[in-house]
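Student: Input final-v6.cif, format and content: mmCIF, C-alpha atoms.
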```
data_run
#
loop_
_atom_site.label_atom_id
_atom_site.label_comp_id
_atom_site.auth_asym_id
_atom_site.auth_seq_id
_atom_site.Cartn_x
_atom_site.Cartn_y
_atom_site.Cartn_z
CA MET C 1 10.63 32.41 -5.73
CA ALA C 2 8.47 30.77 -3.05
CA GLU C 3 9.98 30.35 0.39
CA ILE C 4 11.31 26.87 1.21
CA TYR C 5 10.36 25.31 4.54
CA LYS C 6 11.81 22.30 6.35
CA CYS C 7 10.57 19.97 9.06
CA SER C 8 12.45 18.89 12.20
CA VAL C 9 14.57 15.75 12.18
CA GLU C 10 14.41 15.64 15.98
CA ARG C 11 10.62 15.68 15.97
CA MET C 12 10.50 13.02 13.25
CA LYS C 13 12.81 10.81 15.29
CA ASP C 14 10.60 11.23 18.36
CA LYS C 15 7.45 10.38 16.42
CA ILE C 16 8.94 7.26 14.83
CA GLU C 17 10.39 5.97 18.11
CA THR C 18 7.18 6.66 20.06
CA PHE C 19 4.87 4.89 17.63
CA ALA C 20 7.28 1.93 17.31
CA LYS C 21 6.29 1.03 20.89
CA PHE C 22 2.69 0.24 19.91
CA GLY C 23 2.86 -3.45 19.00
CA ASP C 24 6.64 -3.76 19.50
CA THR C 25 7.69 -7.37 18.84
CA GLY C 26 11.01 -6.97 20.62
CA HIS C 27 12.89 -7.77 17.41
CA GLY C 28 12.89 -4.39 15.70
CA GLY C 29 9.39 -4.55 14.27
CA ILE C 30 5.71 -4.45 15.15
CA THR C 31 2.52 -6.47 14.98
CA ARG C 32 -0.31 -3.93 14.99
CA PHE C 33 -3.46 -5.34 13.42
CA SER C 34 -6.24 -2.91 12.62
CA LEU C 35 -8.47 -2.03 15.61
CA SER C 36 -6.33 -4.19 17.93
CA PRO C 37 -5.42 -2.79 21.38
CA GLU C 38 -2.04 -1.80 19.92
CA ALA C 39 -3.63 0.05 17.00
CA LEU C 40 -6.10 1.79 19.30
CA ALA C 41 -3.22 2.93 21.53
CA ALA C 42 -1.44 4.35 18.46
CA ARG C 43 -4.62 6.17 17.44
CA ALA C 44 -5.01 7.63 20.95
CA GLU C 45 -1.45 8.97 20.89
CA TRP C 46 -1.98 10.44 17.41
CA LYS C 47 -5.21 12.09 18.58
CA ARG C 48 -3.48 13.50 21.66
CA ARG C 49 -0.71 15.02 19.55
CA CYS C 50 -3.13 16.48 17.02
CA GLU C 51 -5.26 18.09 19.72
CA ALA C 52 -2.14 19.52 21.38
CA LEU C 53 -1.55 21.41 18.12
CA GLY C 54 -5.07 22.83 18.27
CA MET C 55 -6.49 20.47 15.65
CA LYS C 56 -10.06 19.20 15.77
CA VAL C 57 -10.24 15.39 15.48
CA TYR C 58 -13.26 13.52 14.12
CA SER C 59 -14.03 10.22 12.38
CA ASP C 60 -16.30 8.70 9.76
CA ASP C 61 -18.43 5.56 9.81
CA MET C 62 -15.44 3.33 8.95
CA ALA C 63 -13.38 4.85 11.80
CA ASN C 64 -11.09 6.68 9.39
CA LEU C 65 -9.65 9.56 11.44
CA TYR C 66 -9.32 13.20 10.42
CA ALA C 67 -7.56 16.07 12.24
CA VAL C 68 -8.19 19.59 10.94
CA LEU C 69 -5.67 22.42 11.02
CA GLU C 70 -7.82 25.36 10.02
CA GLY C 71 -6.71 27.67 7.20
CA SER C 72 -7.55 31.34 6.69
CA ASP C 73 -10.52 30.38 4.45
CA PRO C 74 -12.14 27.16 5.73
CA SER C 75 -14.80 27.40 3.02
CA LEU C 76 -12.25 26.26 0.42
CA PRO C 77 -11.68 22.56 -0.38
CA ALA C 78 -9.23 21.02 2.11
CA ILE C 79 -5.81 19.46 1.56
CA TYR C 80 -5.65 15.97 3.10
CA SER C 81 -2.57 13.91 3.93
CA GLY C 82 -2.03 10.61 5.73
CA SER C 83 -1.84 6.84 5.44
CA HIS C 84 -2.54 3.85 7.73
CA CYS C 85 -1.27 2.84 11.18
CA ASP C 86 -2.03 -0.90 11.04
CA SER C 87 0.65 -3.44 10.11
CA VAL C 88 1.13 -7.00 8.95
CA ARG C 89 2.27 -9.63 11.44
CA GLN C 90 5.90 -8.94 12.38
CA GLY C 91 6.03 -5.95 10.07
CA GLY C 92 8.20 -2.85 10.20
CA ASN C 93 7.98 0.58 11.79
CA TYR C 94 7.59 2.56 8.56
CA ASP C 95 4.98 0.99 6.28
CA GLY C 96 1.91 3.23 6.45
CA ILE C 97 2.71 4.85 9.78
CA LEU C 98 5.47 6.99 8.25
CA GLY C 99 2.85 8.66 6.06
CA VAL C 100 0.71 9.30 9.14
CA LEU C 101 3.62 10.75 11.09
CA SER C 102 4.94 12.82 8.18
CA ALA C 103 1.51 14.40 7.71
CA LEU C 104 1.46 15.17 11.44
CA GLU C 105 4.99 16.62 11.27
CA VAL C 106 3.86 18.91 8.44
CA ALA C 107 1.01 20.16 10.64
CA GLU C 108 3.38 20.68 13.56
CA THR C 109 5.82 22.61 11.37
CA ILE C 110 3.02 24.84 10.05
CA VAL C 111 1.97 25.58 13.64
CA LYS C 112 5.46 26.06 15.10
CA GLU C 113 6.71 28.18 12.20
CA LYS C 114 3.39 30.08 11.92
CA ILE C 115 3.18 29.33 8.17
CA SER C 116 0.11 30.93 6.64
CA HIS C 117 -2.22 28.78 4.53
CA LYS C 118 -5.66 29.37 3.02
CA HIS C 119 -7.07 25.86 2.89
CA ASN C 120 -7.76 23.60 5.83
CA TYR C 121 -5.00 21.00 6.18
CA ILE C 122 -6.34 17.63 7.33
CA CYS C 123 -4.22 14.76 8.65
CA MET C 124 -5.68 11.28 8.13
CA ILE C 125 -5.52 7.69 9.32
CA TRP C 126 -7.18 5.11 7.06
CA THR C 127 -8.60 2.07 8.85
CA ASN C 128 -7.42 -1.45 7.93
CA GLU C 129 -5.19 -0.89 4.92
CA GLU C 130 -3.24 -4.11 5.37
CA GLY C 131 -6.15 -6.50 5.77
CA ALA C 132 -3.79 -8.72 7.78
CA ASP C 133 -6.41 -9.69 10.35
CA TYR C 134 -9.64 -8.60 8.65
CA GLU C 135 -9.63 -9.19 4.91
CA PRO C 136 -9.49 -7.58 2.39
CA ALA C 137 -6.65 -5.06 2.20
CA MET C 138 -7.51 -1.38 1.76
CA MET C 139 -10.89 -2.13 3.31
CA SER C 140 -12.04 1.27 4.54
CA SER C 141 -10.73 3.28 1.61
CA GLY C 142 -12.45 0.69 -0.56
CA VAL C 143 -15.78 1.30 1.19
CA VAL C 144 -15.42 5.09 1.07
CA CYS C 145 -14.46 5.01 -2.61
CA GLY C 146 -17.23 2.63 -3.62
CA LYS C 147 -15.03 -0.42 -4.29
CA PHE C 148 -16.38 -2.65 -1.50
CA ASP C 149 -19.84 -3.24 -0.06
CA LYS C 150 -19.88 -1.94 3.51
CA GLU C 151 -22.10 -4.69 4.93
CA LYS C 152 -19.86 -7.40 3.51
CA MET C 153 -16.82 -5.68 5.03
CA LEU C 154 -18.47 -5.44 8.44
CA ALA C 155 -19.03 -9.23 8.28
CA SER C 156 -15.32 -9.96 7.68
CA ARG C 157 -13.95 -12.12 10.51
CA SER C 158 -10.68 -11.70 12.35
CA HIS C 159 -8.13 -14.46 11.86
CA SER C 160 -6.89 -13.90 15.43
CA THR C 161 -10.03 -13.32 17.52
CA GLY C 162 -12.97 -14.55 15.45
CA LYS C 163 -14.76 -11.23 15.90
CA THR C 164 -16.35 -9.54 12.93
CA PHE C 165 -14.91 -6.25 11.71
CA GLY C 166 -18.25 -4.65 12.57
CA GLU C 167 -17.95 -5.80 16.18
CA ALA C 168 -14.38 -4.48 16.45
CA LEU C 169 -15.44 -1.22 14.82
CA ALA C 170 -18.29 -0.71 17.28
CA ALA C 171 -16.00 -1.43 20.24
CA SER C 172 -13.22 0.87 19.01
CA GLY C 173 -14.79 4.14 20.10
CA TYR C 174 -13.92 5.72 16.75
CA VAL C 175 -17.12 5.23 14.75
CA GLY C 176 -18.35 8.56 13.39
CA SER C 177 -20.77 9.78 10.77
CA GLU C 178 -20.79 8.76 7.12
CA ALA C 179 -21.12 12.48 6.36
CA ASN C 180 -17.54 12.93 7.62
CA ARG C 181 -16.03 10.81 4.85
CA ILE C 182 -13.45 12.35 2.54
CA GLY C 183 -15.07 13.24 -0.79
CA PRO C 184 -14.80 15.44 -3.89
CA ALA C 185 -17.00 18.22 -2.51
CA LYS C 186 -14.70 18.85 0.46
CA CYS C 187 -11.27 17.60 -0.71
CA GLY C 188 -9.11 19.43 -3.22
CA ALA C 189 -6.02 17.27 -2.75
CA LEU C 190 -4.91 14.04 -1.08
CA LEU C 191 -1.21 13.30 -0.52
CA GLU C 192 0.18 10.03 0.83
CA LEU C 193 3.84 9.69 1.78
CA HIS C 194 5.05 6.10 1.94
CA ILE C 195 8.20 4.03 1.99
CA GLU C 196 9.02 2.61 -1.44
CA GLN C 197 8.96 -1.01 -0.18
CA GLY C 198 11.52 -1.91 -2.83
CA PRO C 199 15.22 -1.41 -3.66
CA VAL C 200 15.10 1.07 -6.56
CA LEU C 201 15.51 4.45 -4.85
CA GLU C 202 18.42 3.20 -2.74
CA ALA C 203 20.10 1.54 -5.73
CA GLU C 204 19.67 4.67 -7.87
CA LYS C 205 20.83 6.89 -4.98
CA LYS C 206 17.66 8.99 -5.03
CA ASP C 207 16.14 10.75 -2.03
CA ILE C 208 12.58 10.93 -3.29
CA GLY C 209 10.29 8.86 -5.48
CA VAL C 210 7.90 11.01 -7.49
CA VAL C 211 5.02 8.58 -7.85
CA GLU C 212 3.07 8.85 -11.10
CA GLY C 213 0.58 6.10 -10.31
CA VAL C 214 0.04 2.48 -9.29
CA CYS C 215 0.83 -0.39 -11.65
CA GLY C 216 -1.90 -2.49 -13.17
CA MET C 217 -1.75 -6.18 -12.35
CA ILE C 218 -3.20 -9.59 -13.07
CA ASN C 219 -3.43 -12.63 -10.83
CA TYR C 220 -4.05 -16.05 -12.37
CA GLU C 221 -4.37 -19.55 -10.95
CA PHE C 222 -3.06 -22.49 -13.00
CA THR C 223 -4.26 -26.08 -12.51
CA PHE C 224 -2.60 -29.31 -13.63
CA VAL C 225 -4.35 -32.69 -13.36
CA GLY C 226 -2.29 -35.84 -13.73
CA GLN C 227 -2.48 -39.34 -12.28
CA ALA C 228 -1.37 -40.44 -8.80
CA ASP C 229 0.64 -43.65 -8.93
CA HIS C 230 3.36 -45.43 -6.99
CA ALA C 231 6.71 -43.61 -7.12
CA GLY C 232 8.66 -46.89 -7.16
CA THR C 233 6.79 -48.92 -9.76
CA THR C 234 5.71 -46.48 -12.49
CA PRO C 235 8.28 -46.07 -15.32
CA MET C 236 9.03 -42.46 -16.25
CA LYS C 237 7.60 -42.76 -19.76
CA TYR C 238 4.17 -43.75 -18.41
CA ARG C 239 3.87 -41.02 -15.79
CA LYS C 240 1.38 -38.14 -15.70
CA ASP C 241 3.26 -36.03 -13.16
CA ALA C 242 1.32 -32.86 -12.46
CA LEU C 243 4.21 -31.24 -10.58
CA TYR C 244 6.60 -31.81 -13.48
CA ALA C 245 4.04 -30.27 -15.86
CA ALA C 246 3.68 -27.26 -13.57
CA CYS C 247 7.46 -26.81 -13.44
CA LYS C 248 7.64 -26.79 -17.23
CA VAL C 249 4.99 -24.07 -17.41
CA ILE C 250 6.64 -21.95 -14.70
CA ARG C 251 9.88 -22.10 -16.70
CA TYR C 252 8.00 -21.20 -19.89
CA LEU C 253 6.35 -18.18 -18.21
CA HIS C 254 9.68 -16.92 -16.88
CA ASP C 255 11.40 -17.31 -20.24
CA GLU C 256 8.62 -15.55 -22.16
CA PHE C 257 7.99 -12.76 -19.64
CA ASP C 258 11.71 -12.00 -19.53
CA LYS C 259 11.49 -11.09 -23.24
CA LEU C 260 9.00 -8.31 -22.41
CA ASP C 261 9.60 -4.91 -20.80
CA PRO C 262 12.26 -4.94 -18.04
CA LYS C 263 9.91 -3.03 -15.71
CA LEU C 264 7.56 -6.02 -15.67
CA VAL C 265 7.60 -7.89 -12.34
CA TYR C 266 5.98 -11.28 -11.83
CA THR C 267 5.80 -13.83 -9.05
CA THR C 268 4.75 -17.42 -8.49
CA GLY C 269 4.00 -16.96 -4.80
CA LYS C 270 1.65 -19.81 -3.96
CA ILE C 271 1.75 -23.46 -4.96
CA SER C 272 -0.13 -26.57 -3.78
CA CYS C 273 0.72 -30.17 -4.57
CA HIS C 274 -1.56 -33.18 -3.98
CA PRO C 275 -1.26 -35.63 -2.34
CA ASN C 276 2.09 -34.13 -1.23
CA ILE C 277 3.52 -37.50 -0.17
CA HIS C 278 7.06 -38.44 -1.15
CA THR C 279 6.16 -41.90 -2.42
CA ILE C 280 3.28 -40.82 -4.68
CA ILE C 281 3.40 -39.13 -8.09
CA PRO C 282 1.54 -35.77 -7.78
CA ASP C 283 -1.87 -35.81 -9.46
CA LEU C 284 -3.07 -32.24 -8.79
CA VAL C 285 -0.96 -29.09 -8.70
CA ARG C 286 -2.04 -25.48 -8.59
CA PHE C 287 0.04 -22.31 -8.58
CA THR C 288 -0.61 -18.59 -8.82
CA LEU C 289 0.96 -15.95 -11.02
CA ASP C 290 1.06 -12.26 -10.10
CA ALA C 291 2.25 -9.89 -12.88
CA ARG C 292 2.47 -6.07 -12.63
CA HIS C 293 3.28 -3.26 -15.05
CA GLN C 294 2.22 0.34 -15.56
CA ASP C 295 1.48 -0.10 -19.29
CA PRO C 296 -1.76 -1.99 -20.07
CA LYS C 297 -0.21 -3.17 -23.36
CA VAL C 298 2.48 -5.10 -21.47
CA ILE C 299 -0.20 -6.71 -19.28
CA GLU C 300 -2.00 -7.72 -22.49
CA GLN C 301 1.25 -9.31 -23.74
CA CYS C 302 1.43 -11.32 -20.51
CA ILE C 303 -2.10 -12.60 -21.05
CA ALA C 304 -1.21 -13.54 -24.64
CA VAL C 305 1.71 -15.62 -23.33
CA ILE C 306 -0.62 -17.42 -20.92
CA LYS C 307 -3.15 -18.15 -23.66
CA LYS C 308 -0.49 -19.94 -25.74
CA ILE C 309 -0.11 -22.70 -23.15
CA PRO C 310 -1.71 -25.90 -24.59
CA ALA C 311 -4.56 -27.75 -22.88
CA GLU C 312 -2.24 -30.70 -22.24
CA VAL C 313 1.28 -30.41 -20.81
CA GLU C 314 3.43 -33.51 -20.27
CA LYS C 315 0.30 -35.71 -20.55
CA CYS C 316 -1.47 -33.69 -17.85
CA LYS C 317 -4.63 -31.64 -18.32
CA PHE C 318 -4.01 -27.91 -17.99
CA SER C 319 -6.40 -25.04 -17.25
CA TYR C 320 -6.18 -21.50 -15.94
CA ALA C 321 -8.47 -18.82 -14.54
CA GLU C 322 -8.12 -15.16 -13.67
CA ALA C 323 -8.41 -14.74 -9.90
CA TRP C 324 -8.51 -10.93 -10.02
CA SER C 325 -6.94 -7.92 -11.69
CA ARG C 326 -6.65 -4.14 -11.45
CA ALA C 327 -6.09 -1.43 -14.02
CA THR C 328 -3.19 1.03 -13.82
CA VAL C 329 -4.09 4.11 -11.76
CA SER C 330 -2.57 7.46 -12.74
CA PHE C 331 -2.18 10.20 -10.14
CA HIS C 332 -3.13 13.88 -10.60
CA LYS C 333 -0.40 15.21 -12.89
CA PRO C 334 -0.26 18.81 -11.55
CA TYR C 335 0.35 17.46 -8.04
CA VAL C 336 2.89 14.91 -9.29
CA ASP C 337 4.73 17.86 -10.84
CA PHE C 338 4.52 19.81 -7.55
CA VAL C 339 6.21 16.90 -5.73
CA GLU C 340 9.03 16.89 -8.28
CA GLN C 341 9.39 20.68 -8.11
CA SER C 342 9.47 20.63 -4.30
CA ALA C 343 12.20 18.00 -4.23
CA GLU C 344 14.25 20.02 -6.72
CA ALA C 345 13.80 23.27 -4.76
CA LEU C 346 14.98 21.51 -1.59
CA GLY C 347 18.06 20.15 -3.39
CA TYR C 348 16.94 16.53 -3.03
CA THR C 349 17.51 14.01 -5.81
CA SER C 350 14.40 12.35 -7.20
CA MET C 351 13.09 10.05 -9.89
CA ARG C 352 9.66 9.35 -11.34
CA MET C 353 8.27 5.89 -10.73
CA TYR C 354 5.12 3.79 -10.42
CA SER C 355 4.11 1.89 -7.31
CA GLY C 356 3.95 -1.88 -7.56
CA PRO C 357 2.03 -2.41 -4.29
CA GLY C 358 -1.48 -1.10 -3.80
CA HIS C 359 -2.21 1.82 -1.46
CA ASP C 360 -5.27 3.65 -0.13
CA ALA C 361 -4.29 6.50 -2.46
CA GLN C 362 -4.91 4.12 -5.37
CA PHE C 363 -8.63 3.92 -4.56
CA ALA C 364 -8.84 7.58 -3.54
CA ALA C 365 -7.41 8.71 -6.88
CA GLU C 366 -10.73 7.86 -8.53
CA LEU C 367 -12.55 10.07 -6.03
CA VAL C 368 -10.29 13.11 -5.42
CA PRO C 369 -7.07 14.60 -6.95
CA THR C 370 -4.32 12.44 -5.44
CA THR C 371 -0.60 11.79 -5.51
CA MET C 372 2.09 9.99 -3.49
CA ILE C 373 5.67 10.55 -2.33
CA PHE C 374 8.12 7.68 -1.79
CA VAL C 375 11.22 7.58 0.41
CA PRO C 376 13.87 4.81 0.15
CA SER C 377 13.60 1.45 1.89
CA GLU C 378 17.01 0.27 3.07
CA GLY C 379 17.85 -3.01 1.34
CA GLY C 380 14.42 -2.90 -0.30
CA HIS C 381 12.94 -4.63 2.78
CA SER C 382 9.29 -4.23 3.77
CA HIS C 383 6.53 -6.24 5.45
CA CYS C 384 9.23 -7.61 7.74
CA GLU C 385 11.16 -6.54 10.83
CA LEU C 386 14.17 -5.53 8.71
CA GLU C 387 12.12 -2.69 7.22
CA TYR C 388 14.07 0.54 7.78
CA THR C 389 14.40 4.07 6.46
CA PRO C 390 16.98 6.37 8.11
CA VAL C 391 15.34 9.30 9.90
CA GLU C 392 17.20 11.74 7.65
CA ASN C 393 15.42 10.23 4.63
CA CYS C 394 12.10 10.30 6.49
CA LYS C 395 12.64 13.98 7.21
CA LYS C 396 13.44 14.70 3.55
CA GLY C 397 10.16 13.08 2.59
CA ALA C 398 8.31 15.23 5.14
CA ASP C 399 10.06 18.32 3.74
CA VAL C 400 8.83 17.49 0.26
CA LEU C 401 5.33 16.82 1.61
CA LEU C 402 5.28 20.17 3.43
CA ASN C 403 6.38 22.19 0.42
CA THR C 404 4.01 20.30 -1.90
CA VAL C 405 1.13 21.08 0.47
CA LEU C 406 2.07 24.77 0.37
CA LYS C 407 2.36 24.74 -3.43
CA ILE C 408 -1.12 23.23 -3.70
CA ASP C 409 -2.42 25.74 -1.14
CA GLY C 410 -1.14 28.61 -3.31
CA ALA C 411 -2.36 27.15 -6.61
CA MET C 412 -5.78 25.76 -5.70
CA GLU C 413 -8.88 27.94 -5.50
#
```
Have the structure of the file written as structure tokens, please.
Tutor:
Amino acid sequence: MAEIYKCSVERMKDKIETFAKFGDTGHGGITRFSLSPEALAARAEWKRRCEALGMKVYSDDMANLYAVLEGSDPSLPAIYSGSHCDSVRQGGNYDGILGVLSALEVAETIVKEKISHKHNYICMIWTNEEGADYEPAMMSSGVVCGKFDKEKMLASRSHSTGKTFGEALAASGYVGSEANRIGPAKCGALLELHIEQGPVLEAEKKDIGVVEGVCGMINYEFTFVGQADHAGTTPMKYRKDALYAACKVIRYLHDEFDKLDPKLVYTTGKISCHPNIHTIIPDLVRFTLDARHQDPKVIEQCIAVIKKIPAEVEKCKFSYAEAWSRATVSFHKPYVDFVEQSAEALGYTSMRMYSGPGHDAQFAAELVPTTMIFVPSEGGHSHCELEYTPVENCKKGADVLLNTVLKIDGAME
């Protein structure tokens, strides 16, 4: 039986508390936009800690950071682990950064405990995962993995400063060579630890989420065109109320989607109403629909429900269009199994699950063998200042990450 190793809860606590200072809002959370002064300070501290462990730090052309802990045979493909250190506005202290710090804690444990390993172990920071200031989300992993055009990404403008991403990148001091990018020739495994960002693990009383992949999703926009008239003089039977028509369709979608698989999640998150004046009947209403599920057949059922909506609803013209979509991404099964086996060996409870949100690992999975590890989010809160995972749970996640890394190191040639 392979030896079981554990990380340090004290060191995890120190890491979390230290990095919570970079962009501290004063209300229990952070605002740390990508390449902002706060994000650059967090990167500098991460670099300092990596170098103190004897790791060599370098970057690629999108300022993704890599820190190498050399193995006994550096010629072998490396094992990478990390996440992102940027946040949304008034976000929490765990989204993304916990994966960065857990990867660093694994490196520190390997060094402190003198754990032998063949493959290089590389800690990572992806640049601009959130896309909160420079759109889109998962920008740099998207460029590296061939999803986004680099020149278009460099032209993306900051919502807060007006600078282009290219200008911020050049000023960051972290621009390296394109040759340094993660890729299939040099990477044998990529692991990303992350908070669940939902309530399931806590509700099911599980320590670890064994992530099998990322759910497929669709995003549609629905448009209703009616007639604007006076709210006080137009009898109800003559009205073409676009908002009323939209409400009927929202109710229809909820009723029909609820008949499908219980793992399906869907959201009407954005709605606009014109002219949006209390004395005028609405003549133009639009709303969005986001639906997510791991099984493509269920997504197809959702689309079939949408297609059944008639071209006229409550005397208003109706149309819809797909805004965007993504296919379900499955992670590398042998590594998914290693995560589950590591949790079991450590005596931690776990469950298999799919991620609803997107992650850098989602793009990377098409490039290199990839998997993820989830830890519980207290109350299911994320992307807000209430976001919290007790340090004991963070440490359990790091333990699973460490032992999974060592399992891969022993199994991979």
Student: Hey, which of C:Gly380, C:Pro296, C:Gly23, C:Pro136 ends up closest to Met217 of chain C? Count only C-alpha atoms.
Tutor: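 The closest residue to Met217 of chain C is C:Pro296.
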Student: Identify which of the residues C:Arg48, C:His27, C:His84, C:Lys114 lies closest to Leu193 of chain C, counting only C-alpha atoms when measuring atom-to-atom distances.
Tutor: C:His84
Student: Would you work out the distance separating atom CA of Lys237 of chain C from atom CA of Arg251 of chain C, expressed in Å to one decimal?
Tutor: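 So the answer is 21.0 Å.
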Student: Applied to this file, what does the PyMOL selection byres ((chain C and resi 362-377) around 7) return in terms of residues, put as a PDB file with C-alpha atoms, keeping the file's coordinate frame?
Tutor:
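Output (part.pdb):
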```pdb
ATOM      1  CA  SER C 141     -10.730   3.280   1.610  1.00  0.00           C
ATOM      2  CA  GLY C 142     -12.450   0.690  -0.560  1.00  0.00           C
ATOM      3  CA  CYS C 145     -14.460   5.010  -2.610  1.00  0.00           C
ATOM      4  CA  GLY C 183     -15.070  13.240  -0.790  1.00  0.00           C
ATOM      5  CA  PRO C 184     -14.800  15.440  -3.890  1.00  0.00           C
ATOM      6  CA  CYS C 187     -11.270  17.600  -0.710  1.00  0.00           C
ATOM      7  CA  GLY C 188      -9.110  19.430  -3.220  1.00  0.00           C
ATOM      8  CA  ALA C 189      -6.020  17.270  -2.750  1.00  0.00           C
ATOM      9  CA  LEU C 190      -4.910  14.040  -1.080  1.00  0.00           C
ATOM     10  CA  LEU C 191      -1.210  13.300  -0.520  1.00  0.00           C
ATOM     11  CA  GLU C 192       0.180  10.030   0.830  1.00  0.00           C
ATOM     12  CA  LEU C 193       3.840   9.690   1.780  1.00  0.00           C
ATOM     13  CA  HIS C 194       5.050   6.100   1.940  1.00  0.00           C
ATOM     14  CA  ILE C 195       8.200   4.030   1.990  1.00  0.00           C
ATOM     15  CA  GLU C 196       9.020   2.610  -1.440  1.00  0.00           C
ATOM     16  CA  GLN C 197       8.960  -1.010  -0.180  1.00  0.00           C
ATOM     17  CA  GLY C 198      11.520  -1.910  -2.830  1.00  0.00           C
ATOM     18  CA  PRO C 199      15.220  -1.410  -3.660  1.00  0.00           C
ATOM     19  CA  LEU C 201      15.510   4.450  -4.850  1.00  0.00           C
ATOM     20  CA  GLU C 202      18.420   3.200  -2.740  1.00  0.00           C
ATOM     21  CA  ASP C 207      16.140  10.750  -2.030  1.00  0.00           C
ATOM     22  CA  ILE C 208      12.580  10.930  -3.290  1.00  0.00           C
ATOM     23  CA  GLY C 209      10.290   8.860  -5.480  1.00  0.00           C
ATOM     24  CA  VAL C 210       7.900  11.010  -7.490  1.00  0.00           C
ATOM     25  CA  VAL C 211       5.020   8.580  -7.850  1.00  0.00           C
ATOM     26  CA  VAL C 214       0.040   2.480  -9.290  1.00  0.00           C
ATOM     27  CA  VAL C 329      -4.090   4.110 -11.760  1.00  0.00           C
ATOM     28  CA  PHE C 331      -2.180  10.200 -10.140  1.00  0.00           C
ATOM     29  CA  HIS C 332      -3.130  13.880 -10.600  1.00  0.00           C
ATOM     30  CA  TYR C 335       0.350  17.460  -8.040  1.00  0.00           C
ATOM     31  CA  VAL C 336       2.890  14.910  -9.290  1.00  0.00           C
ATOM     32  CA  GLY C 358      -1.480  -1.100  -3.800  1.00  0.00           C
ATOM     33  CA  HIS C 359      -2.210   1.820  -1.460  1.00  0.00           C
ATOM     34  CA  ASP C 360      -5.270   3.650  -0.130  1.00  0.00           C
ATOM     35  CA  ALA C 361      -4.290   6.500  -2.460  1.00  0.00           C
ATOM     36  CA  GLU C 378      17.010   0.270   3.070  1.00  0.00           C
ATOM     37  CA  GLY C 379      17.850  -3.010   1.340  1.00  0.00           C
ATOM     38  CA  GLY C 380      14.420  -2.900  -0.300  1.00  0.00           C
ATOM     39  CA  HIS C 381      12.940  -4.630   2.780  1.00  0.00           C
ATOM     40  CA  GLU C 387      12.120  -2.690   7.220  1.00  0.00           C
ATOM     41  CA  TYR C 388      14.070   0.540   7.780  1.00  0.00           C
ATOM     42  CA  THR C 389      14.400   4.070   6.460  1.00  0.00           C
ATOM     43  CA  ASN C 393      15.420  10.230   4.630  1.00  0.00           C
ATOM     44  CA  CYS C 394      12.100  10.300   6.490  1.00  0.00           C
ATOM     45  CA  GLY C 397      10.160  13.080   2.590  1.00  0.00           C
TER      46      GLY C 397
END
```
Student: Could you work out an axis-aligned box for segment 130-136 of chain C, taking every atom the file lists and adding 6 Å on each side, and report centre and edge lengths in Å to one decimal, as AutoDock Vina command-line options?
Tutor:
```
--center_x -6.4 --center_y -6.9 --center_z 6.4 --size_x 18.4 --size_y 17.6 --size_z 20.0
```
Student: Please evaluate the PyMOL selection byres ((chain C and resi 176) around 7) against the displayed coordinates and give the resulting residues as a list of chain:residue names.
Tutor: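 On this input, the PyMOL selection byres ((chain C and resi 176) around 7) captures C:Ser59, C:Asp60, C:Asp61, C:Ala63, C:Tyr174, C:Val175, C:Ser177, C:Glu178.
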Student: Per residue of segment 332-413 of chain C within 9 Å of segment 99-112 of chain C, record the nearest atom pair and its distance in Å to one decimal, counting all atoms listed in the file, with rows in chain order and ascending residue number, as a Markdown table.
Tutor:
```
| residue | atom | partner | partner_atom | distance |
| --- | --- | --- | --- | --- |
| C:Cys394 | CA | C:Ser102 | CA | 7.8 |
| C:Lys395 | CA | C:Ser102 | CA | 7.8 |
| C:Gly397 | CA | C:Ser102 | CA | 7.7 |
| C:Ala398 | CA | C:Ser102 | CA | 5.1 |
| C:Asp399 | CA | C:Val106 | CA | 7.8 |
| C:Leu401 | CA | C:Val106 | CA | 7.3 |
| C:Leu402 | CA | C:Val106 | CA | 5.4 |
| C:Val405 | CA | C:Val106 | CA | 8.7 |
```
Student: Hey, which of C:Ser8, C:Gln90, C:Asn120, C:Ser72 ends up closest to Glu385 of chain C? Count all atoms listed in the file.
Tutor: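 The shortest atom-to-atom distance to Glu385 of chain C comes from C:Gln90.
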Student: Is it possible to get the residues within 10 Å of (2.8, -45.3, -8.3) (coordinates as in the file, counting only C-alpha atoms) written as a ChimeraX atom specification?
Tutor: /C:227-235,239,279-282
